[in-house]
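J.: Pasting entry-v5.txt here (compact mmCIF, C-alpha atoms and all ligand atoms):
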# COMPACT_ATOMS: atom_id res chain seq x y z
CA MET A 49 32.28 36.20 -24.93
CA SER A 50 29.17 36.10 -27.12
CA GLU A 51 27.33 39.24 -28.18
CA ARG A 52 24.57 40.17 -25.78
CA LYS A 53 21.06 39.49 -27.08
CA ILE A 54 18.12 41.67 -26.11
CA HIS A 55 14.71 40.26 -25.23
CA THR A 56 11.70 42.43 -24.42
CA THR A 57 8.77 41.16 -22.39
CA GLN A 58 5.91 42.56 -20.32
CA VAL A 59 6.78 40.93 -17.00
CA ALA A 60 10.21 39.70 -15.94
CA ILE A 61 10.05 37.23 -13.06
CA MET A 62 13.10 36.40 -10.99
CA GLY A 63 12.79 32.93 -9.52
CA ALA A 64 11.20 29.74 -10.89
CA GLY A 65 9.94 28.37 -7.60
CA PRO A 66 6.21 27.72 -7.21
CA ALA A 67 5.46 31.47 -6.86
CA GLY A 68 7.33 32.54 -10.02
CA LEU A 69 6.01 29.67 -12.13
CA MET A 70 2.42 30.07 -10.89
CA LEU A 71 2.51 33.76 -11.80
CA SER A 72 3.95 33.15 -15.27
CA HIS A 73 1.33 30.42 -15.85
CA LEU A 74 -1.57 32.72 -14.86
CA LEU A 75 -0.14 35.55 -16.99
CA HIS A 76 0.14 33.18 -19.96
CA LEU A 77 -3.52 32.16 -19.61
CA ALA A 78 -4.43 35.87 -19.65
CA GLY A 79 -2.33 36.51 -22.76
CA ILE A 80 0.38 38.48 -20.92
CA GLU A 81 4.03 37.71 -21.78
CA SER A 82 6.60 36.88 -19.15
CA THR A 83 10.13 35.56 -18.91
CA VAL A 84 11.31 33.70 -15.81
CA VAL A 85 15.00 33.85 -14.84
CA GLU A 86 16.28 31.28 -12.32
CA ILE A 87 19.78 30.53 -11.10
CA ARG A 88 19.13 26.96 -9.92
CA SER A 89 18.55 23.92 -12.14
CA ARG A 90 15.07 22.48 -12.54
CA ARG A 91 16.34 19.28 -10.93
CA ASP A 92 17.69 21.12 -7.86
CA ILE A 93 14.41 22.91 -7.24
CA SER A 94 12.44 19.71 -7.75
CA HIS A 95 14.61 17.85 -5.22
CA THR A 96 14.35 20.47 -2.47
CA ILE A 97 12.14 18.93 0.19
CA ARG A 98 9.73 21.46 1.61
CA ALA A 99 6.42 21.58 3.44
CA GLY A 100 3.43 19.56 2.40
CA ILE A 101 0.16 21.30 3.25
CA LEU A 102 -1.97 23.33 0.83
CA GLU A 103 -4.91 25.42 1.99
CA ALA A 104 -8.15 25.02 0.04
CA GLY A 105 -7.55 28.46 -1.56
CA SER A 106 -4.15 27.31 -2.86
CA VAL A 107 -5.70 24.15 -4.30
CA ASP A 108 -8.41 26.26 -5.99
CA LEU A 109 -5.79 28.52 -7.58
CA LEU A 110 -3.99 25.50 -9.07
CA VAL A 111 -7.08 23.57 -10.12
CA ASP A 112 -8.96 26.57 -11.56
CA SER A 113 -5.94 27.28 -13.78
CA GLY A 114 -5.91 23.70 -15.08
CA VAL A 115 -3.06 22.34 -12.92
CA ASP A 116 -5.02 19.63 -11.16
CA ASN A 117 -2.73 16.69 -10.31
CA VAL A 118 -3.31 17.62 -6.68
CA LEU A 119 -6.84 16.24 -6.96
CA ARG A 120 -5.50 12.85 -8.11
CA ASN A 121 -2.26 12.57 -6.15
CA GLY A 122 -2.93 14.71 -3.07
CA HIS A 123 -4.89 13.76 0.03
CA GLU A 124 -7.63 15.91 1.48
CA HIS A 125 -7.40 16.27 5.28
CA GLU A 126 -10.56 17.30 7.08
CA GLY A 127 -8.89 17.61 10.44
CA THR A 128 -5.68 17.24 12.44
CA GLU A 129 -4.69 16.01 15.87
CA PHE A 130 -3.15 18.08 18.64
CA ARG A 131 -1.51 15.60 21.00
CA VAL A 132 -0.65 16.88 24.46
CA ASN A 133 1.44 14.63 26.72
CA GLY A 134 0.32 11.63 24.66
CA GLU A 135 -3.38 12.50 24.70
CA GLY A 136 -5.01 13.25 21.35
CA HIS A 137 -7.50 16.07 20.61
CA ARG A 138 -8.96 16.27 17.11
CA ILE A 139 -9.49 19.62 15.39
CA ASP A 140 -12.34 19.06 12.93
CA PHE A 141 -11.62 21.51 10.07
CA LYS A 142 -14.77 20.61 8.11
CA GLY A 143 -17.12 20.75 11.09
CA LEU A 144 -15.59 23.85 12.72
CA ALA A 145 -14.51 25.98 9.74
CA GLY A 146 -16.31 24.34 6.82
CA SER A 147 -12.98 23.82 5.08
CA SER A 148 -10.09 21.41 4.69
CA VAL A 149 -6.45 21.28 3.60
CA TRP A 150 -4.60 19.03 1.16
CA LEU A 151 -1.43 17.10 1.79
CA TYR A 152 0.53 17.69 -1.42
CA PRO A 153 4.28 18.38 -1.16
CA GLN A 154 5.72 21.63 -2.48
CA ASN A 155 8.07 19.80 -4.86
CA GLU A 156 5.02 18.19 -6.53
CA VAL A 157 3.50 21.67 -6.93
CA PHE A 158 6.75 22.77 -8.54
CA ASP A 159 6.92 19.70 -10.85
CA ASP A 160 3.32 20.23 -12.00
CA LEU A 161 3.86 23.92 -12.75
CA ALA A 162 7.23 23.35 -14.44
CA ALA A 163 5.69 20.65 -16.68
CA ARG A 164 2.74 22.86 -17.54
CA ARG A 165 4.98 25.86 -18.39
CA GLU A 166 7.06 23.57 -20.58
CA ALA A 167 3.96 22.17 -22.34
CA ASP A 168 2.78 25.75 -22.99
CA ALA A 169 6.22 26.70 -24.36
CA GLY A 170 6.68 29.16 -21.48
CA ASP A 171 9.90 31.20 -21.39
CA VAL A 172 11.55 29.82 -18.25
CA ARG A 173 15.36 30.01 -18.11
CA TYR A 174 16.92 27.74 -15.50
CA GLU A 175 20.62 27.75 -14.51
CA CYS A 176 21.24 31.42 -15.29
CA SER A 177 24.29 33.16 -13.84
CA ASP A 178 25.68 36.68 -13.37
CA THR A 179 22.23 38.21 -12.95
CA GLN A 180 22.25 42.01 -12.60
CA ILE A 181 19.20 44.21 -12.18
CA THR A 182 18.96 47.91 -13.05
CA ASP A 183 16.34 50.63 -13.15
CA VAL A 184 13.57 49.08 -11.05
CA THR A 185 11.88 52.45 -10.69
CA GLY A 186 11.81 52.98 -14.48
CA LYS A 187 11.97 50.25 -17.13
CA PRO A 188 13.57 47.30 -15.32
CA ARG A 189 16.43 45.54 -17.08
CA ILE A 190 18.01 42.24 -16.12
CA THR A 191 21.27 41.06 -17.60
CA PHE A 192 22.26 37.42 -17.21
CA THR A 193 24.09 34.55 -18.87
CA ASP A 194 21.94 31.55 -19.77
CA SER A 195 22.83 27.87 -19.30
CA ALA A 196 24.35 27.74 -22.80
CA GLY A 197 26.68 30.68 -22.05
CA GLN A 198 24.68 33.24 -24.05
CA ASP A 199 24.54 36.76 -22.55
CA TRP A 200 21.13 38.43 -22.42
CA GLU A 201 19.52 41.71 -21.58
CA LEU A 202 15.91 41.32 -20.58
CA ARG A 203 13.77 44.46 -20.76
CA ALA A 204 10.40 44.52 -19.03
CA GLU A 205 7.67 46.87 -17.86
CA ILE A 206 7.34 45.11 -14.54
CA LEU A 207 9.86 43.08 -12.52
CA VAL A 208 8.60 40.50 -10.02
CA GLY A 209 10.98 39.30 -7.31
CA ALA A 210 9.94 35.73 -6.53
CA ASP A 211 13.53 34.78 -5.79
CA GLY A 212 13.22 33.33 -2.31
CA SER A 213 14.28 34.26 1.19
CA ARG A 214 17.76 35.46 0.13
CA SER A 215 16.18 37.61 -2.59
CA TYR A 216 18.53 39.62 -4.79
CA CYS A 217 15.53 41.66 -6.03
CA ARG A 218 14.73 42.74 -2.46
CA SER A 219 18.24 44.15 -2.08
CA GLN A 220 17.45 46.56 -4.95
CA ILE A 221 15.15 48.51 -2.62
CA PRO A 222 17.14 51.22 -0.85
CA GLU A 223 17.31 50.75 2.92
CA SER A 224 15.73 54.17 3.44
CA ASP A 225 12.63 53.07 1.49
CA ARG A 226 11.87 49.89 3.38
CA THR A 227 11.38 48.44 6.83
CA ARG A 228 12.52 44.98 7.83
CA TYR A 229 10.81 43.12 10.66
CA PHE A 230 12.67 40.16 12.10
CA ASN A 231 12.19 37.59 14.85
CA GLU A 232 14.52 34.73 15.82
CA TYR A 233 13.37 31.68 17.78
CA PRO A 234 15.47 29.61 20.20
CA PHE A 235 14.88 26.35 18.30
CA ALA A 236 14.82 24.67 14.91
CA TRP A 237 13.15 21.56 13.45
CA PHE A 238 14.90 18.29 12.81
CA GLY A 239 13.12 16.84 9.75
CA ILE A 240 13.27 13.26 8.52
CA LEU A 241 11.89 11.19 5.69
CA THR A 242 11.27 7.61 6.70
CA GLU A 243 10.27 4.53 4.73
CA ALA A 244 7.30 3.48 6.82
CA PRO A 245 3.53 3.27 6.55
CA ARG A 246 1.35 6.12 7.85
CA SER A 247 1.15 6.20 11.65
CA ALA A 248 -2.28 7.87 11.67
CA PRO A 249 -4.88 9.02 9.12
CA GLU A 250 -4.22 12.74 9.79
CA LEU A 251 -1.24 14.90 10.82
CA ILE A 252 -0.26 14.98 14.48
CA TYR A 253 1.05 18.16 16.16
CA ALA A 254 2.51 16.89 19.44
CA ASN A 255 3.40 18.87 22.53
CA SER A 256 5.23 17.23 25.44
CA ALA A 257 7.66 18.13 28.20
CA HIS A 258 10.39 16.79 25.86
CA GLY A 259 9.45 19.32 23.18
CA PHE A 260 7.39 19.54 20.00
CA ALA A 261 7.00 16.95 17.23
CA LEU A 262 5.01 16.87 13.98
CA ILE A 263 4.01 13.64 12.30
CA SER A 264 3.26 14.37 8.67
CA GLN A 265 3.01 12.13 5.62
CA ARG A 266 4.13 11.83 2.03
CA THR A 267 2.91 8.55 0.46
CA ASP A 268 1.67 5.08 1.53
CA THR A 269 5.30 4.07 2.10
CA MET A 270 7.14 7.35 2.88
CA GLN A 271 6.50 9.64 5.85
CA ARG A 272 7.74 13.08 6.92
CA MET A 273 8.34 13.81 10.60
CA TYR A 274 9.87 16.69 12.52
CA PHE A 275 10.91 17.36 16.08
CA GLN A 276 12.02 20.52 17.83
CA CYS A 277 15.80 20.73 18.27
CA ASP A 278 18.55 23.17 19.11
CA PRO A 279 19.36 25.47 16.13
CA THR A 280 23.04 24.42 16.24
CA THR A 281 22.17 20.72 15.72
CA ASN A 282 24.13 18.91 13.01
CA PRO A 283 21.90 16.18 11.51
CA ALA A 284 24.93 13.99 10.77
CA ASP A 285 25.57 13.67 14.55
CA TRP A 286 22.25 11.94 15.11
CA SER A 287 21.79 8.17 14.79
CA GLU A 288 18.48 6.61 13.76
CA ASP A 289 18.02 5.28 17.32
CA GLN A 290 18.49 8.74 18.84
CA ILE A 291 15.98 10.25 16.42
CA TRP A 292 13.32 7.61 17.03
CA GLU A 293 13.86 7.89 20.78
CA GLN A 294 13.03 11.63 20.64
CA LEU A 295 9.98 11.07 18.46
CA ARG A 296 8.69 8.25 20.71
CA LEU A 297 9.14 10.37 23.84
CA ARG A 298 7.16 13.23 22.33
CA VAL A 299 4.36 11.35 20.54
CA ASN A 300 3.79 7.79 21.78
CA GLY A 301 1.46 6.96 24.65
CA ASN A 302 -2.03 5.80 25.56
CA GLY A 303 -1.77 2.79 23.26
CA PHE A 304 -0.46 4.81 20.30
CA ALA A 305 2.96 4.09 18.82
CA LEU A 306 4.62 5.58 15.74
CA LYS A 307 5.29 3.23 12.83
CA GLU A 308 9.06 3.31 12.38
CA GLY A 309 11.31 2.53 9.41
CA PRO A 310 14.68 3.38 7.88
CA ILE A 311 15.46 7.12 7.76
CA VAL A 312 16.36 8.22 4.24
CA ASP A 313 16.78 11.98 4.72
CA LYS A 314 17.77 14.23 7.65
CA VAL A 315 17.71 18.02 7.66
CA VAL A 316 17.64 20.87 10.21
CA LEU A 317 15.26 23.69 9.33
CA PRO A 318 15.87 27.21 10.64
CA PHE A 319 13.14 29.14 12.34
CA ARG A 320 12.60 32.79 11.71
CA SER A 321 9.97 35.37 11.01
CA PHE A 322 10.80 38.06 8.50
CA VAL A 323 8.77 40.71 6.70
CA ASN A 324 10.00 43.35 4.26
CA THR A 325 7.63 46.29 3.79
CA PRO A 326 6.47 47.59 1.43
CA MET A 327 6.36 44.71 -1.07
CA ARG A 328 6.73 47.14 -3.94
CA HIS A 329 9.36 49.64 -5.06
CA GLY A 330 8.65 51.43 -8.34
CA ASN A 331 8.07 48.71 -10.91
CA LEU A 332 9.51 45.97 -8.70
CA PHE A 333 6.96 43.78 -6.89
CA LEU A 334 8.00 41.13 -4.37
CA ALA A 335 6.10 37.87 -3.87
CA GLY A 336 6.50 34.94 -1.48
CA ASP A 337 9.66 34.28 0.54
CA ALA A 338 11.40 37.24 -1.12
CA ALA A 339 9.16 39.47 1.01
CA HIS A 340 8.40 37.30 4.04
CA THR A 341 9.26 34.07 5.80
CA VAL A 342 7.33 32.37 8.59
CA PRO A 343 8.36 29.61 10.96
CA PRO A 344 7.20 26.23 9.57
CA THR A 345 4.61 25.54 12.29
CA GLY A 346 1.24 25.67 10.50
CA ALA A 347 2.74 25.36 6.98
CA LYS A 348 1.89 28.88 5.86
CA GLY A 349 4.97 29.67 3.70
CA LEU A 350 3.90 28.27 0.33
CA ASN A 351 0.26 29.23 0.90
CA LEU A 352 1.22 32.86 1.55
CA ALA A 353 3.37 32.87 -1.59
CA LEU A 354 0.48 31.58 -3.71
CA HIS A 355 -1.85 34.15 -2.18
CA ASP A 356 0.61 36.95 -3.09
CA VAL A 357 0.68 35.58 -6.64
CA LYS A 358 -3.11 35.56 -6.87
CA LEU A 359 -3.28 39.23 -5.83
CA LEU A 360 -0.35 40.23 -8.02
CA PHE A 361 -1.77 38.42 -11.05
CA GLU A 362 -5.14 40.21 -10.68
CA SER A 363 -3.31 43.54 -10.33
CA LEU A 364 -1.12 42.95 -13.39
CA ASP A 365 -4.04 41.68 -15.46
CA SER A 366 -6.00 44.85 -14.66
CA TYR A 367 -2.97 47.02 -15.45
CA PHE A 368 -2.17 45.40 -18.81
CA LYS A 369 -5.84 45.24 -19.88
CA SER A 370 -7.02 48.69 -18.79
CA GLY A 371 -3.90 50.70 -18.01
CA SER A 372 -5.20 51.27 -14.48
CA THR A 373 -2.60 51.11 -11.70
CA ALA A 374 -5.27 51.07 -8.96
CA LEU A 375 -4.78 47.40 -8.01
CA LEU A 376 -0.99 47.51 -8.41
CA ASP A 377 -0.93 50.52 -6.07
CA THR A 378 -2.70 48.59 -3.30
CA TYR A 379 -1.00 45.20 -3.91
CA SER A 380 1.50 45.59 -1.08
CA ASP A 381 -1.07 46.58 1.55
CA ARG A 382 -3.49 43.84 0.50
CA ALA A 383 -0.79 41.17 0.53
CA LEU A 384 0.60 42.34 3.87
CA ASP A 385 -2.83 42.07 5.47
CA ARG A 386 -2.64 38.27 5.17
CA VAL A 387 1.13 38.13 5.73
CA TRP A 388 0.73 39.58 9.23
CA LYS A 389 -2.21 37.31 10.06
CA ALA A 390 -0.05 34.36 9.03
CA GLN A 391 2.94 35.74 10.96
CA TYR A 392 0.76 35.95 14.04
CA PHE A 393 -0.70 32.46 13.58
CA SER A 394 2.70 30.85 12.91
CA TYR A 395 4.25 32.61 15.92
CA TRP A 396 1.30 31.74 18.17
CA MET A 397 1.16 28.08 17.12
CA THR A 398 4.94 27.84 17.60
CA THR A 399 4.72 29.30 21.12
CA LEU A 400 1.71 27.12 21.93
CA LEU A 401 3.42 23.85 21.02
CA HIS A 402 7.20 24.23 21.57
CA THR A 403 8.99 24.12 24.89
CA VAL A 404 11.43 26.93 25.60
CA PRO A 405 14.88 25.55 26.43
CA GLY A 406 16.75 26.86 29.44
CA GLU A 407 14.19 29.51 30.35
CA GLN A 408 14.78 30.71 33.89
CA ASN A 409 11.09 30.40 34.60
CA HIS A 410 10.75 27.16 32.65
CA ALA A 411 8.37 25.60 35.19
CA PHE A 412 6.05 28.58 34.95
CA PHE A 413 6.22 28.62 31.12
CA ARG A 414 5.39 24.93 30.88
CA ALA A 415 2.47 25.02 33.33
CA ARG A 416 1.09 28.15 31.68
CA GLN A 417 1.43 26.48 28.27
CA LEU A 418 -0.52 23.43 29.43
CA GLY A 419 -3.19 25.77 30.82
CA GLU A 420 -3.37 27.52 27.45
CA LEU A 421 -3.65 24.19 25.60
CA ARG A 422 -6.43 22.99 27.92
CA SER A 423 -8.42 26.19 27.65
CA LEU A 424 -8.03 26.15 23.87
CA LEU A 425 -8.81 22.49 23.21
CA GLU A 426 -11.70 22.23 25.70
CA SER A 427 -13.42 25.15 23.97
CA GLU A 428 -15.27 24.73 20.69
CA HIS A 429 -14.43 28.38 19.96
CA GLY A 430 -10.76 27.65 20.60
CA ARG A 431 -10.70 24.67 18.27
CA ALA A 432 -12.69 26.62 15.65
CA TYR A 433 -10.09 29.41 15.82
CA VAL A 434 -7.29 26.94 15.05
CA ALA A 435 -9.35 25.39 12.24
CA GLU A 436 -10.13 28.79 10.68
CA CYS A 437 -6.50 29.96 10.68
CA TYR A 438 -5.00 26.60 9.66
CA THR A 439 -7.31 26.18 6.67
CA GLY A 440 -6.51 29.72 5.55
CA TRP A 441 -9.21 32.19 6.56
CA GLN A 442 -11.60 31.03 3.84
CA GLY A 443 -13.67 33.82 2.36
CA LYS A 444 -11.60 36.50 4.16
C1 LIG B 501 4.49 19.78 6.91
C2 LIG B 501 5.24 20.88 7.28
C3 LIG B 501 4.72 21.79 8.17
O1 LIG B 501 5.45 22.86 8.54
C4 LIG B 501 3.46 21.65 8.70
O2 LIG B 501 2.99 22.55 9.58
C5 LIG B 501 2.69 20.56 8.30
C6 LIG B 501 3.22 19.63 7.42
C7 LIG B 501 5.05 18.78 5.96
O3 LIG B 501 6.20 18.94 5.54
O4 LIG B 501 4.37 17.81 5.65
Let me see the file written as structure tokens.

T.:
Amino acid sequence: MSERKIHTTQVAIMGAGPAGLMLSHLLHLAGIESTVVEIRSRRDISHTIRAGILEAGSVDLLVDSGVDNVLRNGHEHEGTEFRVNGEGHRIDFKGLAGSSVWLYPQNEVFDDLAARREADAGDVRYECSDTQITDVTGKPRITFTDSAGQDWELRAEILVGADGSRSYCRSQIPESDRTRYFNEYPFAWFGILTEAPRSAPELIYANSAHGFALISQRTDTMQRMYFQCDPTTNPADWSEDQIWEQLRLRVNGNGFALKEGPIVDKVVLPFRSFVNTPMRHGNLFLAGDAAHTVPPTGAKGLNLALHDVKLLFESLDSYFKSGSTALLDTYSDRALDRVWKAQYFSYWMTTLLHTVPGEQNHAFFRARQLGELRSLLESEHGRAYVAECYTGWQGK
């Protein structure tokens, strides 16, 4: 066993996903040191297929900090379609909320940030093992073994837990000092990647008696689609024909038909809402999935994480420049303000568009849901509400 080396930094960040890397990048630009510790390999993170929609505020955060591939390789979407029983209704984001979103997959965000941290000689340690955290209420220390087998002790003033939904950092907060909010849903999403052209210019959120489906996109030749399924579904049990049959039933109609192709990836995504409050304990600050997860409907997960990072960066910058803890002290409350708005929106959009399996009063639920969809989509106020939430409460 090698002798343990000691490294001292201002901010230790656990997790090199988009939240951890974005924070270390912003800190670097402000002249604040950080070290990022990650247990996965860069390749593993880059190959994890996640959601694909960035709010305008998320794009601004990336572009304003000089990470601007999204402007060249992403696609701006000024609206989306809600399709109810095969009939399309456009939500005009630009016209109704004066904003838009960008289709730019999370793994591209990660690749851009990882490349930029590397170009700036950022201290990002992938493939670490045996991570142990101590003294989060004093001077946090993290011990770990790096990918070359070297043992380290990292000493920091501040520890940021950006280590995902199974966060080890979060578990450092004593149960008596935190509250956990949790909601399970009776369904999951079956996600596919298919080699096919785009079926439509914008995303389609489809509601039908057969259940929900989402037609998203990746490139000119690769598309991402999802449909509501039972949470116990094993993707390996499903043939291509069975998958396309479900998607056709839920989306096609009125002269519209999905463009189909070979399926190159199948995955079942769990559905849950989770919030850990507060998002701070002593000198430990949580950001992103480590503090909260939302169901995928509405694509808020990555956007919330980047919003946390924006607030946390401003708070840390103020602390290291002026010694004032005022912004750090309110970080948790300010972050949670948006977290709960996003929890509500994700829950509401899920309930609006999914069918509830095996409900005793299924007929009532379905008819009520169609009534809700009609009253929402026939109303300019209703459509504007969806546009405002989906594009990320601009200016709020
Ligand atoms: C995607 C995922 C979402 O959850 C969503 O609401 C929109 C798009 C996607 O993976 O492209």

J.: Would you mind reading off the distance between CA of Gly440 in chain A and CA of Asn121 in chain A, one decimal, in Å?

T.: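 CA of Asn121 in chain A lies at a distance of 21.2 Å from CA of Gly440 in chain A.
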
J.: Can you pull out every residue within 7 Å of Ala210 in chain A, counting only C-alpha atoms, but drop anything in the same chain fewer than 3 positions away, and send it as a list in words?

T.: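 With the cut-off at 7 Å, the set is Ile61, Met62, Gly63, Ala67, Gly68, Leu334, Ala335, Gly336 and Ala338 of chain A.
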
J.: Write out as a VMD selection string each polymer residue whose atoms come within 9 Å of Val315 in chain A, counting only C-alpha atoms; drop sequence neighbours fewer than 6 positions from it.

T.: chain A and resid 237 to 240 282 to 284

J.: Select, from A:Ser195, A:Thr185, A:Gln276, A:Thr57, the residue with the minimum atom-to-atom distance to ligand LIG 501 (chain B), counting all atoms listed in the file.

T.: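 Ranking A:Ser195, A:Thr185, A:Gln276, A:Thr57 by distance to ligand LIG 501 (chain B), first place goes to A:Gln276.
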
J.: What's around Ala374 in chain A at 12 Å? Count only C-alpha atoms, leave out sequence neighbours fewer than 3 positions away in its own chain, and write the answer as a list of chain:residue names.

T.: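 Neighbouring residues, sequence-local ones excluded: A:Leu360, A:Glu362, A:Ser363, A:Leu364, A:Asp365, A:Ser366, A:Tyr367, A:Phe368, A:Ser370, A:Gly371, A:Asp377, A:Thr378, A:Tyr379, A:Ser380.
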
J.: Would you write out those residues with C-alpha atoms, as a compact mmCIF listing (two decimals), in the frame of the given file?

T.:
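Ended up saving to part05.txt:
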# COMPACT_ATOMS: atom_id res chain seq x y z
CA LEU A 360 -0.35 40.23 -8.02
CA GLU A 362 -5.14 40.21 -10.68
CA SER A 363 -3.31 43.54 -10.33
CA LEU A 364 -1.12 42.95 -13.39
CA ASP A 365 -4.04 41.68 -15.46
CA SER A 366 -6.00 44.85 -14.66
CA TYR A 367 -2.97 47.02 -15.45
CA PHE A 368 -2.17 45.40 -18.81
CA SER A 370 -7.02 48.69 -18.79
CA GLY A 371 -3.90 50.70 -18.01
CA ASP A 377 -0.93 50.52 -6.07
CA THR A 378 -2.70 48.59 -3.30
CA TYR A 379 -1.00 45.20 -3.91
CA SER A 380 1.50 45.59 -1.08

J.: Within 9 Å of ligand LIG 501 (chain B), which residues show up when you count only C-alpha atoms and all ligand atoms? List them as a compact mmCIF listing (two decimals) with C-alpha atoms, keeping the file's coordinate frame, please.

T.:
# COMPACT_ATOMS: atom_id res chain seq x y z
CA ILE A 97 12.14 18.93 0.19
CA ARG A 98 9.73 21.46 1.61
CA ALA A 99 6.42 21.58 3.44
CA GLY A 100 3.43 19.56 2.40
CA ILE A 101 0.16 21.30 3.25
CA LEU A 151 -1.43 17.10 1.79
CA TYR A 152 0.53 17.69 -1.42
CA PRO A 153 4.28 18.38 -1.16
CA GLN A 154 5.72 21.63 -2.48
CA GLY A 239 13.12 16.84 9.75
CA LEU A 251 -1.24 14.90 10.82
CA ILE A 252 -0.26 14.98 14.48
CA TYR A 253 1.05 18.16 16.16
CA LEU A 262 5.01 16.87 13.98
CA ILE A 263 4.01 13.64 12.30
CA SER A 264 3.26 14.37 8.67
CA GLN A 265 3.01 12.13 5.62
CA ARG A 266 4.13 11.83 2.03
CA GLN A 271 6.50 9.64 5.85
CA ARG A 272 7.74 13.08 6.92
CA MET A 273 8.34 13.81 10.60
CA TYR A 274 9.87 16.69 12.52
CA PRO A 343 8.36 29.61 10.96
CA PRO A 344 7.20 26.23 9.57
CA THR A 345 4.61 25.54 12.29
CA GLY A 346 1.24 25.67 10.50
CA ALA A 347 2.74 25.36 6.98
CA LYS A 348 1.89 28.88 5.86
CA GLY A 349 4.97 29.67 3.70
CA SER A 394 2.70 30.85 12.91
CA TYR A 438 -5.00 26.60 9.66

J.: How many Å lie between CA of Ser106 in chain A and CA of Val342 in chain A, rounded to one decimal?

T.: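 Taking CA of Ser106 in chain A and CA of Val342 in chain A, their separation equals 17.0 Å.
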
J.: Write out as an mmCIF file with C-alpha atoms, keeping the file's coordinate frame each polymer residue whose atoms come within 12 Å of Gly406 in chain A, counting all atoms listed in the file; drop sequence neighbours fewer than 6 positions from it.

T.:
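Written output follows (selection_38.cif):
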data_model
loop_
_atom_site.group_PDB
_atom_site.id
_atom_site.type_symbol
_atom_site.label_atom_id
_atom_site.label_comp_id
_atom_site.auth_asym_id
_atom_site.auth_seq_id
_atom_site.Cartn_x
_atom_site.Cartn_y
_atom_site.Cartn_z
ATOM 1 C CA PRO A 234 15.470 29.610 20.200
ATOM 2 C CA PHE A 235 14.880 26.350 18.300
ATOM 3 C CA ASP A 278 18.550 23.170 19.110
ATOM 4 C CA PHE A 413 6.220 28.620 31.120
ATOM 5 C CA ARG A 414 5.390 24.930 30.880
#

J.: Determine, counting all atoms listed in the file, which protein, DNA and RNA residues have an atom within 8 Å of an atom of Asp194 in chain A; residues of the same chain fewer than 2 positions away are not included. Present the result as a list in words.

T.: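 Here the answer would be Arg173, Tyr174, Glu175, Cys176, Ser177, Phe192, Ala196, Gly197, Gln198, Asp199 and Trp200 of chain A.
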
J.: How far is it from CA of Ser287 in chain A to CA of Leu401 in chain A, in Å with one decimal?

T.: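 Calculated distance between CA of Ser287 in chain A and CA of Leu401 in chain A is 24.9 Å.
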
J.: Point out the residue among A:His340, A:Tyr392, A:Asp381, A:His76 with the least atom-to-atom distance to Arg218 in chain A, counting only C-alpha atoms.

T.: A:His340

J.: Counting all atoms listed in the file, figure out which residue out of A:Cys277, A:Ala248, A:Ile139, A:Val434 gets nearest to Met397 in chain A.

T.: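 For Met397 in chain A, the nearest of the candidates is A:Val434.
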
J.: Using all atoms listed in the file for the distances, tell me which of A:Asp183, A:Glu223, A:Asp159, A:Glu293 is nearest to His258 in chain A.

T.: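 Counting all atoms listed in the file, the residue closest to His258 in chain A is A:Glu293.
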
J.: With distances taken over all atoms listed in the file, which of A:Leu74, A:Cys217, A:Leu332, A:Leu352 is nearest to Gly186 in chain A?

T.: A:Leu332

J.: Looking at A:Arg120, A:Lys142, A:Arg228, A:His55, which one is nearest to Ala432 in chain A, with distances taken over all atoms listed in the file?

T.: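 Checking each candidate against Ala432 in chain A, we get A:Lys142 as the closest.
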
J.: With 10 Å as the threshold, what does the neighbourhood of (20.8, 41.7, -9.9) contain in terms of residues, counting all atoms listed in the file? Coordinates are those of the file; answer as a list of chain:residue names.

T.: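 Using all atoms listed in the file, the matching residues come out as A:Met62, A:Asp178, A:Thr179, A:Gln180, A:Ile181, A:Thr182, A:Arg189, A:Ile190, A:Thr191, A:Phe192, A:Ser215, A:Tyr216, A:Cys217, A:Arg218, A:Ser219, A:Gln220.
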